[in-house]
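Student: Sending over a structure as structure tokens; questions will come in a sec.
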Protein chains: 2
Amino acid sequence: MRKNVMIIGAGGVANVAAHKCAQNNDVLGNIVIASRTLSKCKKIINSIERKGSKKSNEYSITAYQIDAMDISATEKLIKETGTSIVINVGTAFINMSVLTACIHTGAAYIDTGIHEEPDKICETPPWYANYEWKRCEQCREKGITAILGAGFDPGVVNAYAAYADRYIFDAIDTIDIMDVNAGNHGKYFATNFDPEINFREFTGGVWTYVDRQWVKKEMFEVKQVYDFPVVGKMPIYLNGHDELHSLSKNIDADSIRFWMGFSDHYINVFTVLKNIGLLSEQPVTTAEGLEVIPLKVVKACLPDPVSLAAQYTGKTCIGDLVTGRVHGEKKEVFLYNICDHEACYKEVESQAIAYTAGVPPAAAAMLIAEGVWDCKEMKNIEELDPAPFLKILNQIGLPSGIIKDGEDQPLSL
Amino acid sequence: MRKNVMIIGAGGVANVAAHKCAQNNDVLGNIVIASRTLSKCKKIINSIERKGSKKSNEYSITAYQIDAMDISATEKLIKETGTSIVINVGTAFINMSVLTACIHTGAAYIDTGIHEEPDKICETPPWYANYEWKRCEQCREKGITAILGAGFDPGVVNAYAAYADRYIFDAIDTIDIMDVNAGNHGKYFATNFDPEINFREFTGGVWTYVDRQWVKKEMFEVKQVYDFPVVGKMPIYLNGHDELHSLSKNIDADSIRFWMGFSDHYINVFTVLKNIGLLSEQPVTTAEGLEVIPLKVVKACLPDPVSLAAQYTGKTCIGDLVTGRVHGEKKEVFLYNICDHEACYKEVESQAIAYTAGVPPAAAAMLIAEGVWDCKEMKNIEELDPAPFLKILNQIGLPSGIIKDGEDQPLSL
């Protein structure tokens, strides 16, 4: 049994993870929230108090200021606070620093997305091989539990793929991961998480995995309209995404694709900003001689994603459409979750996109704490048994459904 | 007779003004090109040499680095170079500094747009009263010739209004100034002059002068399609513009409006940038703590307007549609100029928008040099006799046409 969790980051996803850890602190122990901006950590604690999320009063929740790029400072804080599990939900730029601090201190490591370097976009696939997987051997030698990509996508969608692989199909042909937000935040334009990370997903090309090969497409090049449960027909576009870069290695399938829903308005705004060069991660120099990264200025102009939650209405649907064979017969299933923005806000004061990304790493932490997923090496989600993970998620706010043989029903585990 | 001209600024308009001054240096004498960036001044001199624009070899053309906000440095340069006429075609923020330097040294002053303060947009009309006109009395006392708004619009369009007033109509009812660019620069998006000044024209409300009152409208609120000579039917939008702020005082008319042509694509890009806050002249702070003015970053991302000239094709049309009475009878005339991007580039290595703005101040300088417009006080263009101005423009590259009684013909002067 491991206890005491440190959450690194203090955005919307961190808020949800902190609420969920507090709701399960009988399993997880003390909670530390650490980020660059102490006031944002304290706001999360205020929200937890306001909502009465803490299950047991035996354990503390404390805020710390930290620069997570500073490995020794992170190690010091892990030791001082007796942390045995680190949930990294900060920016994608800090993954390798935080992972290093965990390897040095023996703490378990959980994240929800692939490491990125600020000046590089859309690197050579598989992306995990450029950074995280280089530490695989070191984690095994030292017995470090490191669970990569434990959000929703990557995360739960990897568990859906693993579930289909282990429990449904004899052989999988295709996996199409589909992520749509049928919600409305009421602003002219906003991203649902850090605009910098959001736009970086789309400004390079789009890596997709088709017929066991990496294929590069343009953003918004391939479109389809899919009829989702609950939210109905939505336009979705072939996109690149973190989970393809581990699923293509760990799941035996011909094609693994990721599709995301975009409104025409989103595409228009994105296209204008991109074509003008305002989404660039490379600096420009103003007439006055100031060096600035345009993307960081766009981020500063857009609404803080955290601020959207209170007005957000509607639902998200994220799932895996899997095709393959069962006893030689062709079969198709859709494993999915529906999440409601307003219900999320009522429970934890975040919207559904932060909720779907923030609940799973808390669930992963619980599985590590209980020893079920304390694997003592580096694993992507699909390498672990998906059943206990999906079972906890069913219980703590992210229930799964399955459409199978034309029937739509809850996923029983 | 006055001699020796200093051009302040080194953008596209300055390039045209310098070429035109060089083509007429027998009248204007030595030419000084002074701006913040010496290399840009030198580029203009190279262009003049490449095109053989210099008429007389008796007179020099020299480049100087200057910060035109520094009044005493400007005064020093005026004196040292024996300048008697200053053509200010730099950014709109330097007008009052340069005017002050002229008042102190006795040099004549010419500009092509109203003074602006960097942090203020769309101030109370009439705009001239906020800055330039406050120096009217001082100019009269000291006998300083200061000719305001001597570009095309403001500038030639004011002269068209004065021409209609003096030489055609007994009484004017309405003046509709219309400016369309039917050209194509081949870029995704670009402004035809300094993006900062260009966008500032549209980000505030739109002041228009209707029934002898200032009325505030939203940008792109009022649209019409007008059938222009040569370029044909174009969509135009009611807009605010400098010239309304002097014409409304100096010309007896019920309504004076300004219309500008915009493509749907321009409006879409403008709307996205504006709604996101990227056209703001007020600073934002990035997550990293850097204070930046978004509009300056947009400017840094967009193509340098000067760089568009070589690929520009098509034509501009700018003119005044004037209605009123002649001998008690209702009449309508359209006074206009057509300018061709490619022809401008061939002649002076600038596009038509810079050309139409840069030729008129050179013509005004010639009229001052010859004593015709050396009025020893501050004047807006429409307060001076338009005939000699339009006549010189006919000769040096901007011929005027007139549509009158259904007939389209050159304006003979």
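Residues in the structure tokens are numbered from 1 in each chain, the chains being A, B, ... in the order shown, and ligands are numbered from 1 in the order shown.
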Got a sec: who's within 8 Å of Gln224 in chain B, counting only C-alpha atoms, leaving out chain neighbours fewer than 3 positions off, as an MDAnalysis selection string?
Tutor: chainID B and resid 235:237
Student: Those selected residues, please, written with N, CA, C and O atoms and delivered as a compact mmCIF listing (two decimals), in the first residue's frame.
Tutor:
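Generated file (result-v4.txt):
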# COMPACT_ATOMS: atom_id res chain seq x y z
N PRO B 235 -18.16 45.71 -53.39
CA PRO B 235 -18.84 45.98 -52.12
C PRO B 235 -18.04 46.98 -51.30
O PRO B 235 -16.82 46.86 -51.18
N ILE B 236 -18.73 47.99 -50.77
CA ILE B 236 -18.06 49.00 -49.94
C ILE B 236 -18.83 49.17 -48.63
O ILE B 236 -20.03 48.93 -48.57
N TYR B 237 -18.11 49.56 -47.60
CA TYR B 237 -18.67 49.66 -46.25
C TYR B 237 -18.45 51.05 -45.68
O TYR B 237 -17.37 51.64 -45.87
Student: Tell me as a ChimeraX atom specification which residues belonging to chain A come within 6 Å of chain B, counting only C-alpha atoms.
Tutor: /A:277,286,300-301
Student: Would you pick out the contacts of range 151-166 of chain A at 9 Å or less, using only C-alpha atoms, so that residues sharing its chain but fewer than 4 positions from it are not included, and give the list as a ChimeraX atom specification?
Tutor: /A:111-114,170-172,175,177,179,241-244,246-247,250-252,318-322,333,335-336,356-361,380-387,389-390
Student: Dump C-alpha atoms for the selected residues as a PDB file, in the first residue's frame?
Tutor:
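The file below, result_11.pdb, is the result:
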ATOM      1  CA  ASP A 111       0.737  11.725 -16.412  1.00  0.00           C
ATOM      2  CA  THR A 112      -2.012  12.430 -18.951  1.00  0.00           C
ATOM      3  CA  GLY A 113      -0.143  13.375 -22.133  1.00  0.00           C
ATOM      4  CA  ILE A 114       3.183  13.084 -23.958  1.00  0.00           C
ATOM      5  CA  ASP A 170     -10.195 -12.549 -31.172  1.00  0.00           C
ATOM      6  CA  ALA A 171      -8.532 -10.157 -33.613  1.00  0.00           C
ATOM      7  CA  ILE A 172      -8.895  -6.396 -34.064  1.00  0.00           C
ATOM      8  CA  ILE A 175      -9.694   1.267 -33.763  1.00  0.00           C
ATOM      9  CA  ILE A 177     -11.022   6.914 -31.286  1.00  0.00           C
ATOM     10  CA  ASP A 179     -13.805  12.773 -29.258  1.00  0.00           C
ATOM     11  CA  HIS A 241      -3.111  12.332 -30.938  1.00  0.00           C
ATOM     12  CA  ASP A 242      -0.839  10.951 -28.234  1.00  0.00           C
ATOM     13  CA  GLU A 243      -2.540   7.569 -27.781  1.00  0.00           C
ATOM     14  CA  LEU A 244      -1.832   6.431 -31.354  1.00  0.00           C
ATOM     15  CA  SER A 246       1.594   3.746 -27.869  1.00  0.00           C
ATOM     16  CA  LEU A 247      -1.475   1.813 -29.106  1.00  0.00           C
ATOM     17  CA  ASN A 250       0.933  -2.373 -27.895  1.00  0.00           C
ATOM     18  CA  ILE A 251      -2.308  -3.377 -29.654  1.00  0.00           C
ATOM     19  CA  ASP A 252      -2.337  -5.676 -32.662  1.00  0.00           C
ATOM     20  CA  ILE A 318     -15.494  10.183 -26.213  1.00  0.00           C
ATOM     21  CA  GLY A 319     -15.145   6.596 -27.294  1.00  0.00           C
ATOM     22  CA  ASP A 320     -13.507   3.836 -29.339  1.00  0.00           C
ATOM     23  CA  LEU A 321     -15.178   2.342 -32.393  1.00  0.00           C
ATOM     24  CA  VAL A 322     -13.499  -1.054 -32.721  1.00  0.00           C
ATOM     25  CA  VAL A 333     -18.408  -2.268 -30.902  1.00  0.00           C
ATOM     26  CA  LEU A 335     -17.069   1.792 -26.085  1.00  0.00           C
ATOM     27  CA  TYR A 336     -17.748   5.291 -24.789  1.00  0.00           C
ATOM     28  CA  THR A 356     -12.863  13.546 -18.229  1.00  0.00           C
ATOM     29  CA  ALA A 357      -9.106  14.270 -18.168  1.00  0.00           C
ATOM     30  CA  GLY A 358      -8.808  14.739 -14.382  1.00  0.00           C
ATOM     31  CA  VAL A 359     -10.792  11.790 -12.960  1.00  0.00           C
ATOM     32  CA  PRO A 360      -8.735   8.984 -14.649  1.00  0.00           C
ATOM     33  CA  PRO A 361      -5.319   9.912 -13.155  1.00  0.00           C
ATOM     34  CA  ASN A 380       1.161   2.764 -21.083  1.00  0.00           C
ATOM     35  CA  ILE A 381      -2.449   2.278 -20.004  1.00  0.00           C
ATOM     36  CA  GLU A 382      -3.226  -0.469 -22.535  1.00  0.00           C
ATOM     37  CA  GLU A 383      -0.464  -2.643 -21.101  1.00  0.00           C
ATOM     38  CA  LEU A 384      -2.343  -2.884 -17.784  1.00  0.00           C
ATOM     39  CA  ASP A 385      -5.573  -4.785 -17.082  1.00  0.00           C
ATOM     40  CA  PRO A 386      -8.332  -2.325 -18.057  1.00  0.00           C
ATOM     41  CA  ALA A 387     -11.072  -3.978 -15.972  1.00  0.00           C
ATOM     42  CA  PHE A 389      -9.558   0.894 -14.025  1.00  0.00           C
ATOM     43  CA  LEU A 390     -12.890   1.038 -15.889  1.00  0.00           C
TER      44      LEU A 390
END
Student: Counting only C-alpha atoms, which residue out of B:Val89, B:Met96, B:Leu28, B:Ile8 sits closest to Gln65 in chain B?
Tutor: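 Closest residue, counting only C-alpha atoms: B:Ile8.
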Student: I'd like to know which of B:Ile256, B:Cys339, B:Leu238, B:Met178 is closest to Tyr226 in chain B, using only C-alpha atoms.
Tutor: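 Of all the options, B:Met178 lies closest to Tyr226 in chain B.
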Student: DSSP says strand (DSSP E or B) for which residues of range 81-181 of chain B? Put them as a VMD selection string?
Tutor: chain B and resid 85 to 88 108 to 111 146 to 148 151 155 171 to 181
Student: Any idea what the distance is between CA of Phe193 in chain B and CA of Ala14 in chain B?
Tutor: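 Straight-line distance from CA of Phe193 in chain B to CA of Ala14 in chain B works out to 11.3 Å.
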Student: Enumerate as number ranges by chain all residues of range 133-168 of chain B assigned to alpha helix (DSSP H) by DSSP on the backbone, naming them with the chain letters and numbers the document uses.
Tutor: B: 136-142, 156-163
Student: Distance CA of Ala253 in chain A-CA of Glu218 in chain A, one decimal place?
Tutor: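 Pair CA of Ala253 in chain A / CA of Glu218 in chain A returns 23.1 Å.
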